[in-house]
>>> print(open('protein26.txt').read())   # compact mmCIF, C-alpha atoms
# COMPACT_ATOMS: atom_id res chain seq x y z
CA MET A 1 12.05 5.08 0.43
CA THR A 2 12.62 3.52 -2.99
CA SER A 3 14.58 0.60 -4.36
CA GLN A 4 15.16 -0.82 -7.84
CA TYR A 5 14.98 -4.59 -8.24
CA ARG A 6 16.61 -6.90 -10.77
CA VAL A 7 14.48 -9.93 -11.46
CA ASN A 8 16.62 -13.03 -11.03
CA TYR A 9 14.71 -15.98 -9.69
CA HIS A 10 17.79 -18.14 -9.20
CA LEU A 11 19.22 -15.61 -6.76
CA ARG A 12 15.78 -15.14 -5.20
CA ALA A 13 16.18 -11.38 -5.67
CA HIS A 14 12.45 -11.11 -6.27
CA LYS A 15 11.97 -12.07 -2.61
CA ARG A 16 14.54 -9.64 -1.18
CA ASP A 17 14.88 -5.98 -0.35
CA SER A 18 18.43 -4.67 -0.79
CA LEU A 19 18.30 -2.10 2.01
CA ILE A 20 16.77 -4.52 4.51
CA GLU A 21 19.34 -7.20 3.63
CA PHE A 22 22.15 -4.65 4.14
CA ILE A 23 20.84 -3.63 7.57
CA LYS A 24 20.31 -7.26 8.53
CA GLY A 25 23.93 -8.03 7.71
CA MET A 26 25.15 -5.08 9.78
CA LEU A 27 23.16 -6.25 12.81
CA LEU A 28 24.20 -9.88 12.48
CA THR A 29 27.87 -9.26 13.30
CA PRO A 30 27.41 -7.93 16.87
CA PHE A 31 24.69 -10.50 17.50
CA VAL A 32 27.10 -13.34 16.68
CA LEU A 33 30.22 -11.86 18.30
CA HIS A 34 28.55 -10.95 21.60
CA SER A 35 26.12 -13.86 21.90
CA GLN A 36 26.10 -15.47 25.36
CA PRO A 37 24.39 -18.71 26.53
CA ALA A 38 22.88 -17.02 29.58
CA ALA A 39 21.90 -13.44 28.83
CA SER A 40 21.67 -11.12 31.83
CA GLN A 41 19.79 -7.84 31.91
CA ALA A 42 23.12 -6.07 31.52
CA HIS A 43 23.86 -8.10 28.39
CA VAL A 44 20.40 -7.28 26.98
CA ALA A 45 21.07 -3.58 27.58
CA GLU A 46 24.47 -3.85 25.88
CA ASN A 47 22.85 -5.55 22.85
CA ALA A 48 20.29 -2.77 22.64
CA GLN A 49 23.06 -0.16 22.77
CA ARG A 50 25.04 -1.86 19.99
CA PHE A 51 21.98 -2.18 17.76
CA SER A 52 21.00 1.41 18.49
CA GLU A 53 24.45 2.66 17.46
CA ILE A 54 24.26 0.72 14.19
CA PHE A 55 20.88 2.24 13.38
CA ALA A 56 22.28 5.70 14.19
CA SER A 57 25.12 5.10 11.71
CA ILE A 58 22.70 3.93 8.99
CA GLU A 59 20.57 6.99 9.71
CA GLU A 60 23.64 9.14 8.96
CA LEU A 61 24.27 7.24 5.72
CA ILE A 62 20.69 7.91 4.63
CA GLU A 63 21.01 11.62 5.41
CA GLU A 64 24.22 11.79 3.39
CA HIS A 65 22.46 10.02 0.51
CA ARG A 66 19.59 12.52 0.71
CA SER A 67 22.11 15.35 0.51
CA PHE A 68 23.81 13.91 -2.59
CA THR A 69 20.38 13.24 -4.14
CA SER A 70 19.39 16.88 -3.68
CA GLN A 71 22.58 17.83 -5.56
CA GLY A 72 21.69 15.49 -8.41
CA ILE A 73 24.53 13.03 -7.73
CA PRO A 74 22.96 10.24 -5.63
CA THR A 75 25.44 7.61 -6.85
CA TYR A 76 28.25 9.48 -5.07
CA SER A 77 26.92 8.65 -1.60
CA ARG A 78 28.48 5.93 0.56
CA LEU A 79 25.09 4.23 0.85
CA ALA A 80 24.74 4.03 -2.94
CA LYS A 81 28.10 2.25 -3.08
CA LEU A 82 27.08 -0.18 -0.34
CA VAL A 83 23.54 -0.70 -1.72
CA PRO A 84 23.75 0.13 -5.46
CA SER A 85 20.02 -0.36 -6.02
CA ILE A 86 19.01 2.23 -3.41
CA GLY A 87 16.58 4.91 -4.56
CA THR A 88 15.17 8.14 -3.13
CA PHE A 89 14.32 8.90 0.51
CA PHE A 90 11.66 11.62 0.59
CA THR A 91 12.05 12.22 4.33
CA PRO A 92 14.74 11.62 6.94
CA LEU A 93 14.43 8.24 8.68
CA PRO A 94 14.96 8.42 12.47
CA LEU A 95 16.03 4.79 12.67
CA GLN A 96 17.65 4.99 16.12
CA ARG A 97 14.47 6.37 17.69
CA ALA A 98 12.36 3.86 15.76
CA PHE A 99 14.51 0.93 16.92
CA GLU A 100 14.17 1.99 20.53
CA ARG A 101 10.36 2.13 20.21
CA VAL A 102 10.07 -1.21 18.44
CA ASN A 103 12.59 -2.87 20.75
CA SER A 104 10.63 -1.72 23.81
CA GLN A 105 7.62 -3.61 22.42
CA ASP A 106 9.21 -6.67 20.76
CA LYS A 107 12.37 -7.10 22.92
CA ILE A 108 14.62 -7.77 19.94
CA SER A 109 17.78 -7.22 21.99
CA ALA A 110 16.72 -9.87 24.54
CA ARG A 111 16.85 -12.73 22.03
CA LYS A 112 19.72 -15.22 22.37
CA HIS A 113 19.19 -17.50 19.37
CA VAL A 114 17.31 -15.48 16.73
CA PRO A 115 19.12 -12.44 15.28
CA PRO A 116 17.24 -9.33 14.05
CA SER A 117 15.20 -10.59 11.12
CA PHE A 118 13.84 -9.24 7.85
CA ASN A 119 10.47 -8.60 9.52
CA ASP A 120 12.07 -6.88 12.54
CA ILE A 121 13.88 -4.45 10.25
CA ARG A 122 10.82 -3.93 8.07
CA ARG A 123 8.81 -2.94 11.15
CA ILE A 124 11.59 -0.59 12.32
CA LEU A 125 11.66 1.09 8.90
CA ASN A 126 7.86 1.45 9.07
CA MET A 127 8.11 3.06 12.49
CA ALA A 128 10.85 5.44 11.34
CA GLN A 129 8.74 6.47 8.35
CA ALA A 130 5.69 7.06 10.54
CA ILE A 131 7.70 9.23 12.94
CA ALA A 132 9.16 11.27 10.07
CA ILE A 133 5.97 11.87 8.11
CA ALA A 134 3.45 12.43 10.92
CA PRO A 135 3.93 16.24 11.24
CA HIS A 136 3.47 16.79 7.48
CA LEU A 137 1.00 14.07 6.44
CA LYS A 138 -1.62 15.16 3.87
CA LEU A 139 -2.51 11.96 2.03
CA VAL A 140 -2.52 8.27 3.03
CA THR A 141 -3.19 5.65 0.36
CA PHE A 142 -3.86 2.00 1.14
CA ASP A 143 -3.86 -1.25 -0.73
CA GLY A 144 -7.06 -3.22 -0.13
CA ASP A 145 -6.63 -6.99 0.28
CA MET A 146 -4.34 -8.01 3.16
CA THR A 147 -3.84 -4.36 4.09
CA LEU A 148 -7.30 -3.24 5.22
CA TYR A 149 -9.12 -6.58 5.15
CA ALA A 150 -8.43 -10.26 4.53
CA ASP A 151 -7.68 -11.42 1.00
CA GLY A 152 -10.84 -11.51 -1.12
CA GLN A 153 -13.03 -10.31 1.76
CA ASN A 154 -14.98 -7.08 2.29
CA PHE A 155 -14.43 -4.24 4.74
CA GLU A 156 -16.84 -5.14 7.54
CA GLN A 157 -18.31 -2.61 9.98
CA ASP A 158 -16.61 -4.29 12.96
CA ASN A 159 -13.18 -3.88 11.35
CA GLU A 160 -10.85 -2.42 13.99
CA LEU A 161 -9.33 -0.06 11.41
CA THR A 162 -12.63 1.79 10.96
CA PHE A 163 -12.18 4.42 13.64
CA LEU A 164 -8.50 4.93 12.83
CA LEU A 165 -9.44 5.79 9.24
CA ILE A 166 -12.22 8.09 10.45
CA ALA A 167 -9.74 9.79 12.78
CA LEU A 168 -7.50 10.56 9.79
CA LEU A 169 -10.39 12.13 7.89
CA ARG A 170 -11.29 14.27 10.89
CA ARG A 171 -7.69 15.48 11.03
CA ARG A 172 -8.14 16.86 7.51
CA ILE A 173 -5.94 14.11 6.06
CA ASN A 174 -7.03 12.66 2.72
CA VAL A 175 -7.47 8.88 2.63
CA ALA A 176 -7.63 6.74 -0.50
CA ILE A 177 -7.80 3.05 -1.29
CA VAL A 178 -5.71 2.31 -4.38
CA THR A 179 -6.63 -1.20 -5.42
CA ALA A 180 -6.15 -3.56 -8.34
CA ALA A 181 -9.85 -4.45 -8.17
CA GLY A 182 -11.30 -3.14 -11.41
CA TYR A 183 -15.07 -2.87 -11.76
CA GLY A 184 -15.14 -0.04 -14.28
CA ASP A 185 -17.30 2.91 -13.27
CA ASP A 186 -19.69 0.64 -11.32
CA ALA A 187 -19.70 2.40 -7.94
CA GLY A 188 -22.03 -0.25 -6.49
CA ARG A 189 -19.39 -2.99 -6.73
CA TYR A 190 -16.89 -0.90 -4.75
CA GLU A 191 -19.60 0.16 -2.27
CA HIS A 192 -20.32 -3.52 -1.62
CA ARG A 193 -16.64 -4.24 -0.88
CA LEU A 194 -16.52 -1.22 1.48
CA SER A 195 -20.05 -1.40 2.85
CA GLY A 196 -18.90 -1.69 6.47
CA LEU A 197 -16.70 1.39 6.23
CA LEU A 198 -19.39 3.49 4.53
CA ALA A 199 -21.89 2.41 7.19
CA ALA A 200 -19.39 3.43 9.88
CA PHE A 201 -19.17 6.89 8.27
CA GLY A 202 -22.91 7.18 8.96
CA THR A 203 -22.56 6.01 12.55
CA ALA A 204 -19.79 8.55 13.09
CA GLN A 205 -21.89 11.23 11.33
CA LEU A 206 -19.05 12.51 9.19
CA THR A 207 -19.70 15.92 7.71
CA PRO A 208 -19.82 16.23 3.90
CA GLU A 209 -16.41 17.94 4.03
CA GLU A 210 -14.88 15.08 6.06
CA ALA A 211 -16.44 12.41 3.86
CA SER A 212 -15.21 14.15 0.69
CA ARG A 213 -11.62 13.39 1.72
CA PHE A 214 -12.13 9.65 1.17
CA PHE A 215 -11.41 8.26 -2.32
CA VAL A 216 -11.27 4.91 -4.06
CA LEU A 217 -9.04 4.40 -7.09
CA GLY A 218 -9.75 1.08 -8.80
CA GLY A 219 -7.92 -0.82 -11.51
CA GLU A 220 -4.59 0.48 -10.15
CA CYS A 221 -5.15 3.95 -11.63
CA ASN A 222 -8.13 3.74 -13.98
CA PHE A 223 -11.38 4.35 -12.05
CA LEU A 224 -11.62 7.15 -9.49
CA PHE A 225 -14.46 7.58 -6.99
CA ARG A 226 -15.11 10.17 -4.30
CA THR A 227 -17.41 9.86 -1.29
CA ILE A 228 -20.61 11.89 -1.16
CA VAL A 229 -23.31 12.28 1.48
CA VAL A 230 -26.87 11.42 0.44
CA GLN A 231 -29.62 13.01 2.55
CA GLN A 232 -32.78 10.94 3.03
CA GLN A 233 -36.11 12.18 4.41
CA GLN A 234 -37.74 9.68 6.74
CA GLN A 235 -41.19 9.90 8.26
CA GLN A 236 -41.31 8.51 11.77
CA GLN A 237 -44.42 7.94 13.86
CA GLN A 238 -43.77 8.45 17.56
CA GLN A 239 -46.26 7.63 20.27
CA GLN A 240 -45.84 9.73 23.37
CA GLN A 241 -47.60 8.84 26.61
CA GLN A 242 -48.80 12.04 28.23
CA GLN A 243 -51.91 13.14 30.07
CA GLN A 244 -53.55 13.19 26.67
CA GLN A 245 -52.37 10.65 24.10
CA GLN A 246 -51.14 12.45 21.02
CA GLN A 247 -49.62 11.21 17.83
CA GLN A 248 -46.83 13.33 16.44
CA GLN A 249 -45.10 12.99 13.16
CA GLN A 250 -41.45 13.92 13.08
CA GLN A 251 -39.25 14.43 10.11
CA GLN A 252 -35.72 13.39 10.73
CA GLN A 253 -32.68 13.81 8.55
CA GLU A 254 -30.45 10.78 8.23
CA SER A 255 -27.28 10.59 6.18
CA SER A 256 -26.00 7.76 4.03
CA TYR A 257 -22.68 7.68 2.21
CA ALA A 258 -22.03 6.60 -1.36
CA LEU A 259 -19.23 6.55 -3.92
CA GLN A 260 -19.51 8.81 -6.94
CA TYR A 261 -17.55 8.13 -10.12
CA VAL A 262 -15.19 10.93 -11.12
CA PRO A 263 -14.80 11.22 -14.91
CA ASP A 264 -11.29 11.53 -16.32
CA THR A 265 -12.04 15.07 -17.44
CA GLU A 266 -12.22 16.26 -13.82
CA TYR A 267 -8.64 15.40 -12.95
CA ARG A 268 -5.33 15.35 -14.76
CA ALA A 269 -4.94 11.92 -16.24
CA SER A 270 -4.15 12.46 -19.92
CA SER A 271 -0.44 13.14 -19.39
CA LEU A 272 -0.16 10.10 -17.13
CA ARG A 273 -2.33 7.76 -19.21
CA ALA A 274 -1.50 8.76 -22.77
CA TRP A 275 -2.38 5.60 -24.63
CA THR A 276 -5.17 4.45 -26.93
CA ASP A 277 -7.62 1.62 -26.40
CA SER A 278 -6.18 -0.17 -29.41
CA GLN A 279 -2.71 -0.15 -27.86
CA VAL A 280 -4.14 -1.35 -24.55
CA GLN A 281 -5.90 -4.31 -26.16
CA GLN A 282 -2.76 -5.34 -28.08
CA LEU A 283 -0.78 -5.36 -24.85
CA LEU A 284 -3.49 -7.38 -23.10
CA ASP A 285 -3.48 -9.86 -26.02
CA VAL A 286 0.22 -10.53 -25.37
CA ALA A 287 -0.39 -10.88 -21.62
CA GLU A 288 -3.33 -13.24 -22.15
CA ALA A 289 -1.31 -15.44 -24.53
CA GLU A 290 1.52 -15.68 -21.97
CA LEU A 291 -0.85 -16.59 -19.13
CA ARG A 292 -2.45 -19.28 -21.29
CA ASP A 293 1.03 -20.63 -22.03
CA CYS A 294 1.70 -20.77 -18.27
CA VAL A 295 -1.52 -22.71 -17.75
CA GLU A 296 -0.58 -25.20 -20.45
CA ARG A 297 3.07 -25.84 -19.58
CA MET A 298 2.48 -26.07 -15.81
CA ALA A 299 -0.81 -27.99 -16.21
CA ILE A 300 -2.66 -25.46 -14.07
CA SER A 301 -6.40 -25.70 -13.63
CA ALA A 302 -7.37 -22.04 -13.96
CA GLU A 303 -9.67 -19.60 -15.68
CA ILE A 304 -8.34 -16.67 -17.72
CA LEU A 305 -10.45 -13.56 -17.14
CA ARG A 306 -10.28 -10.62 -19.55
CA LYS A 307 -11.41 -7.14 -18.50
CA PRO A 308 -11.26 -3.82 -20.41
CA ARG A 309 -7.92 -2.90 -18.81
CA ALA A 310 -6.70 -6.12 -17.22
CA VAL A 311 -6.31 -9.85 -17.73
CA GLY A 312 -5.95 -12.36 -14.94
CA LEU A 313 -5.36 -16.00 -14.10
CA VAL A 314 -7.79 -17.26 -11.46
CA PRO A 315 -7.00 -20.84 -10.35
CA ARG A 316 -9.71 -23.38 -9.67
CA ALA A 317 -7.45 -25.03 -7.08
CA GLN A 318 -4.89 -23.38 -4.85
CA LEU A 319 -1.51 -22.76 -6.48
CA THR A 320 1.88 -22.50 -4.82
CA ARG A 321 3.57 -19.13 -4.47
CA GLU A 322 6.24 -20.30 -6.92
CA GLN A 323 3.64 -21.08 -9.59
CA LEU A 324 2.07 -17.63 -9.22
CA ASP A 325 5.51 -15.99 -9.26
CA GLU A 326 6.28 -17.86 -12.49
CA CYS A 327 3.09 -16.51 -14.09
CA ALA A 328 3.85 -12.95 -12.97
CA LEU A 329 7.51 -13.00 -14.03
CA SER A 330 6.72 -14.69 -17.36
CA SER A 331 4.12 -12.02 -18.10
CA GLN A 332 6.51 -9.22 -17.17
CA LEU A 333 9.20 -10.52 -19.51
CA ALA A 334 6.79 -11.18 -22.39
CA LEU A 335 5.35 -7.65 -22.19
CA LEU A 336 8.78 -6.01 -21.92
CA LYS A 337 9.94 -7.97 -24.97
CA TYR A 338 6.80 -6.99 -26.89
CA GLN A 339 7.12 -3.30 -26.08
CA GLY A 340 10.74 -3.33 -27.23
CA SER A 341 10.05 -5.17 -30.49
CA PRO A 342 9.25 -3.62 -33.93
CA LYS A 343 5.85 -5.38 -33.84
CA SER A 344 4.57 -3.12 -31.07
CA GLN A 345 2.78 0.04 -32.13
CA PRO A 346 4.74 3.21 -31.37
CA CYS A 347 3.15 5.61 -28.93
CA ASP A 348 4.16 8.85 -27.25
CA VAL A 349 4.99 7.07 -23.99
CA PRO A 350 5.52 3.37 -23.18
CA ILE A 351 2.36 1.86 -21.75
CA PRO A 352 3.01 1.11 -18.07
CA PHE A 353 1.66 -2.17 -16.79
CA CYS A 354 1.69 -4.17 -13.59
CA ALA A 355 2.07 -7.96 -13.66
CA PHE A 356 1.78 -9.23 -10.12
CA ASN A 357 1.23 -12.21 -7.86
CA GLY A 358 -2.00 -11.41 -6.02
CA GLY A 359 -1.52 -14.12 -3.41
CA ASN A 360 -4.25 -16.40 -4.76
CA ASP A 361 -4.21 -15.32 -8.40
CA CYS A 362 -2.09 -13.49 -10.97
CA TRP A 363 -3.08 -10.33 -12.84
CA VAL A 364 -1.73 -8.02 -15.49
CA ASP A 365 -3.17 -4.50 -15.22
CA ILE A 366 -2.77 -1.60 -17.59
CA GLY A 367 -1.27 1.23 -15.56
CA ASN A 368 0.07 0.84 -12.04
CA LYS A 369 -0.23 2.26 -8.55
CA LEU A 370 2.59 4.72 -9.24
CA ILE A 371 0.28 6.48 -11.69
CA GLY A 372 -2.64 6.13 -9.27
CA VAL A 373 -0.75 7.76 -6.41
CA ARG A 374 0.50 10.56 -8.66
CA ILE A 375 -3.02 11.29 -9.86
CA LEU A 376 -4.15 11.70 -6.24
CA GLN A 377 -1.07 13.74 -5.32
CA HIS A 378 -1.72 16.19 -8.13
CA MET A 379 -5.44 16.43 -7.44
CA LEU A 380 -4.97 16.91 -3.68
CA ASP A 381 -1.74 18.94 -3.81
CA SER A 382 0.19 16.44 -1.71
CA PRO A 383 3.97 16.26 -2.34
CA PRO A 384 5.93 12.98 -1.97
CA GLU A 385 7.21 13.92 1.50
CA ALA A 386 3.60 14.38 2.70
CA THR A 387 2.18 11.22 1.05
CA LEU A 388 2.26 7.73 2.59
CA HIS A 389 1.32 4.50 0.83
CA VAL A 390 0.61 1.42 2.98
CA GLY A 391 0.61 -1.98 1.30
CA ASP A 392 1.73 -5.60 1.48
CA GLN A 393 3.12 -6.19 -2.04
CA PHE A 394 6.59 -4.60 -2.21
CA LEU A 395 8.51 -7.48 -3.75
CA SER A 396 9.27 -7.36 -7.49
CA THR A 397 6.19 -9.50 -8.19
CA GLY A 398 3.95 -7.17 -6.13
CA ASN A 399 1.87 -4.22 -7.28
CA ASP A 400 2.75 -1.81 -4.43
CA LEU A 401 6.45 -1.63 -5.34
CA SER A 402 6.04 1.11 -7.97
CA THR A 403 4.67 3.58 -5.40
CA ARG A 404 8.15 3.92 -3.88
CA THR A 405 9.03 6.20 -6.79
CA ALA A 406 6.24 8.63 -5.89
CA CYS A 407 5.95 8.73 -2.11
CA CYS A 408 6.91 7.38 1.30
CA THR A 409 5.82 3.82 2.03
CA CYS A 410 5.09 1.39 4.85
CA TRP A 411 5.44 -2.31 4.09
CA ILE A 412 2.96 -4.35 6.12
CA ILE A 413 1.92 -8.01 5.82
CA ASN A 414 -1.60 -8.01 7.27
CA PRO A 415 -4.37 -5.68 8.54
CA GLU A 416 -3.09 -6.05 12.11
CA GLU A 417 0.18 -4.39 11.13
CA THR A 418 -1.76 -1.63 9.36
CA GLN A 419 -3.61 -1.06 12.63
CA ARG A 420 -0.30 -0.88 14.48
CA ILE A 421 1.08 1.77 12.10
CA LEU A 422 -2.09 3.90 12.25
CA THR A 423 -2.14 3.64 16.03
CA GLU A 424 1.46 4.87 16.16
CA LEU A 425 0.59 7.73 13.79
CA GLU A 426 -2.32 8.71 16.03
CA LYS A 427 0.08 8.95 18.98
CA LEU A 428 2.46 11.11 16.93
CA PHE A 429 -0.07 13.70 15.74
>>> encode(input="protein26.txt", output="structure tokens")
Amino acid sequence: MTSQYRVNYHLRAHKRDSLIEFIKGMLLTPFVLHSQPAASQAHVAENAQRFSEIFASIEELIEEHRSFTSQGIPTYSRLAKLVPSIGTFFTPLPLQRAFERVNSQDKISARKHVPPSFNDIRRILNMAQAIAIAPHLKLVTFDGDMTLYADGQNFEQDNELTFLLIALLRRRINVAIVTAAGYGDDAGRYEHRLSGLLAAFGTAQLTPEEASRFFVLGGECNFLFRTIVVQQQQQQQQQQQQQQQQQQQQQQQESSYALQYVPDTEYRASSLRAWTDSQVQQLLDVAEAELRDCVERMAISAEILRKPRAVGLVPRAQLTREQLDECALSSQLALLKYQGSPKSQPCDVPIPFCAFNGGNDCWVDIGNKLIGVRILQHMLDSPPEATLHVGDQFLSTGNDLSTRTACCTCWIINPEETQRILTELEKLF
């Protein structure tokens, strides 16, 4: 599923999703018209039927839109007229079936005072996408913070997602973490963040083939790592109590798992990242100047960090979401103005960037997750309809939004929701 967003803070469009708002409006009418002070079981069943019929109708609209898109005329569809910003659906979305599954768990139709919400619809869309993609899934990519682990934390070995990720690898499905965290080619920094998961690979005794399906792509799209198995010889002294006491020395093979940096030359990146270091640094200069202006005019206590392919604002005290949004949107506008001005250096392709609110900080990265996902798709031969990206930043100030152009997506808000989606996928395989 994809959507295009127009940044307009006064209309709060940066905090909305056009398709979800459309569905929410469709569901609100029967909720209001048929609301009753004392809801009986029959009334609950009638509500469920009405909601189910609406989702069936929207499902038909999406299929019609997919048909027009395949003919090269997506704007002719009824859905495009109702939701002009709608993009591409890479798979059908069985919304009626998804609603029935989510409603059986969350009892949406039994509510008397709270209509179907943004989050209800988001979870139904996630379920529909999981149902549609499960038979064809070849690649799952994940955001890191707030998707697999808490913001700023590491992936611990007791993380409940561990065995769900291992199950994907054993099903011959490629798994990748596509993260904004940029540590260059320093595999050790990424290994530290994922130490619990790599240790769990050892506990599960993944084969080299299974482990090789796990990747990390850092800096949005700039630093690729694959997982390798390192064999270690260990001498163990074992005392055995028998009729005669003997000392035996055993040699035992144990496996450990590490990340190995993959140079650009080993995968197709030049056509997707066709820019020079000089052009990158000029763009980062503009971004850094804008972030410093934000610090000054909003009197923010923060540190500006400059990396080879990113610049970020890291506050010394917690900032409000609105302050971080202001930094992200200001940076976006400044960079777009710069790239469209005569002062910018011409290049074969515009340099893509990602200016985003990271929840506790704000960053501008060279490249974006759209490029990262496409690199993995090309390398692993996974088409959009067989690729799923799971993340929590799908608003216009988030860095997962761009992936909607390349693949199917699931919009979650915390690791618990990621666990719920992977559990549903496991049931569907």
>>> residues_around(input="protein26.txt", residues="stretch 374-390 of chain A", least_positions_apart="5", cutoff="7 Å", atoms="only C-alpha atoms", output="count of residues only")
21
>>> atom_distance(input="protein26.txt", atom1="atom CA of A:Val280", atom2="atom CA of A:Ile177")
24.0 Å
>>> closest_atom_pairs(input="protein26.txt", of="stretch 30-65 of chain A", to="stretch 83-89 of chain A", cutoff="12 Å", atoms="all atoms listed in the file", output="tab-separated table")
residue	atom	partner	partner_atom	distance
A:Ile58	CA	A:Val83	CA	11.7
A:Glu59	CA	A:Phe89	CA	11.3
A:Leu61	CA	A:Val83	CA	10.9
A:Ile62	CA	A:Phe89	CA	7.7
A:Glu63	CA	A:Phe89	CA	8.7
A:Glu64	CA	A:Phe89	CA	10.7
A:His65	CA	A:Phe89	CA	8.2
>>> closest_residue(input="protein26.txt", among="A:Leu28, A:Leu425, A:Leu93, A:Val262", to="A:Arg171", atoms="only C-alpha atoms")
A:Leu425
>>> residues_near_point(input="protein26.txt", point="(-0.1, -14.6, -17.2)", cutoff="8 Å", atoms="all atoms listed in the file", output="mmCIF file with C-alpha atoms, in the frame of the given file")
data_model
loop_
_atom_site.group_PDB
_atom_site.id
_atom_site.type_symbol
_atom_site.label_atom_id
_atom_site.label_comp_id
_atom_site.auth_asym_id
_atom_site.auth_seq_id
_atom_site.Cartn_x
_atom_site.Cartn_y
_atom_site.Cartn_z
ATOM 1 C CA ALA A 287 -0.390 -10.880 -21.620
ATOM 2 C CA GLU A 288 -3.330 -13.240 -22.150
ATOM 3 C CA ALA A 289 -1.310 -15.440 -24.530
ATOM 4 C CA GLU A 290 1.520 -15.680 -21.970
ATOM 5 C CA LEU A 291 -0.850 -16.590 -19.130
ATOM 6 C CA ARG A 292 -2.450 -19.280 -21.290
ATOM 7 C CA ASP A 293 1.030 -20.630 -22.030
ATOM 8 C CA CYS A 294 1.700 -20.770 -18.270
ATOM 9 C CA VAL A 311 -6.310 -9.850 -17.730
ATOM 10 C CA GLY A 312 -5.950 -12.360 -14.940
ATOM 11 C CA LEU A 313 -5.360 -16.000 -14.100
ATOM 12 C CA CYS A 327 3.090 -16.510 -14.090
ATOM 13 C CA ALA A 328 3.850 -12.950 -12.970
ATOM 14 C CA SER A 330 6.720 -14.690 -17.360
ATOM 15 C CA SER A 331 4.120 -12.020 -18.100
ATOM 16 C CA ALA A 355 2.070 -7.960 -13.660
ATOM 17 C CA CYS A 362 -2.090 -13.490 -10.970
ATOM 18 C CA TRP A 363 -3.080 -10.330 -12.840
ATOM 19 C CA VAL A 364 -1.730 -8.020 -15.490
#
>>> closest_residue(input="protein26.txt", among="A:Leu19, A:Met26, A:Val230, A:Gly196", to="A:Leu125", atoms="only C-alpha atoms")
A:Leu19
>>> residues_around(input="protein26.txt", residues="stretch 188-190 of chain A", least_positions_apart="2", cutoff="10 Å", atoms="only C-alpha atoms", output="MDAnalysis selection string")
chainID A and resid 154 181:186 192:195 216:218 225 258:260
>>> atom_distance(input="protein26.txt", atom1="atom CA of A:Gly219", atom2="atom CA of A:Thr418")
21.8 Å
>>> atom_distance(input="protein26.txt", atom1="atom CA of A:Gln71", atom2="atom CA of A:Pro94")
21.7 Å
>>> closest_residue(input="protein26.txt", among="A:Ile300, A:Leu79, A:Glu424, A:Ser278", to="A:Arg101", atoms="all atoms listed in the file")
A:Glu424
>>> closest_residue(input="protein26.txt", among="A:Leu401, A:Ala211, A:Met298, A:Leu33", to="A:Glu326", atoms="all atoms listed in the file")
A:Met298
>>> closest_residue(input="protein26.txt", among="A:Ser396, A:Ser18, A:Ser104, A:Thr227", to="A:Phe118", atoms="all atoms listed in the file")
A:Ser18
>>> closest_residue(input="protein26.txt", among="A:Asp151, A:Glu160, A:Glu220, A:Glu210", to="A:Gly367", atoms="all atoms listed in the file")
A:Glu220
>>> decode(input="protein26.txt", residues="stretch 383-397 of chain A", atoms="C-alpha atoms", output="short mmCIF file (atom, residue, chain, number, x, y, z; two decimals), in the first residue's frame")
data_model
loop_
_atom_site.label_atom_id
_atom_site.label_comp_id
_atom_site.auth_asym_id
_atom_site.auth_seq_id
_atom_site.Cartn_x
_atom_site.Cartn_y
_atom_site.Cartn_z
CA PRO A 383 9.49 -8.49 -5.99
CA PRO A 384 7.29 -5.86 -4.27
CA GLU A 385 4.38 -8.29 -3.86
CA ALA A 386 6.68 -10.71 -1.97
CA THR A 387 8.39 -8.07 0.23
CA LEU A 388 7.02 -6.77 3.53
CA HIS A 389 8.40 -3.83 5.52
CA VAL A 390 7.38 -3.49 9.18
CA GLY A 391 7.93 -0.15 10.89
CA ASP A 392 6.48 2.52 13.16
CA GLN A 393 7.30 5.73 11.26
CA PHE A 394 4.79 6.08 8.41
CA LEU A 395 3.76 9.69 8.93
CA SER A 396 5.30 12.36 6.68
CA THR A 397 7.94 13.09 9.33
#
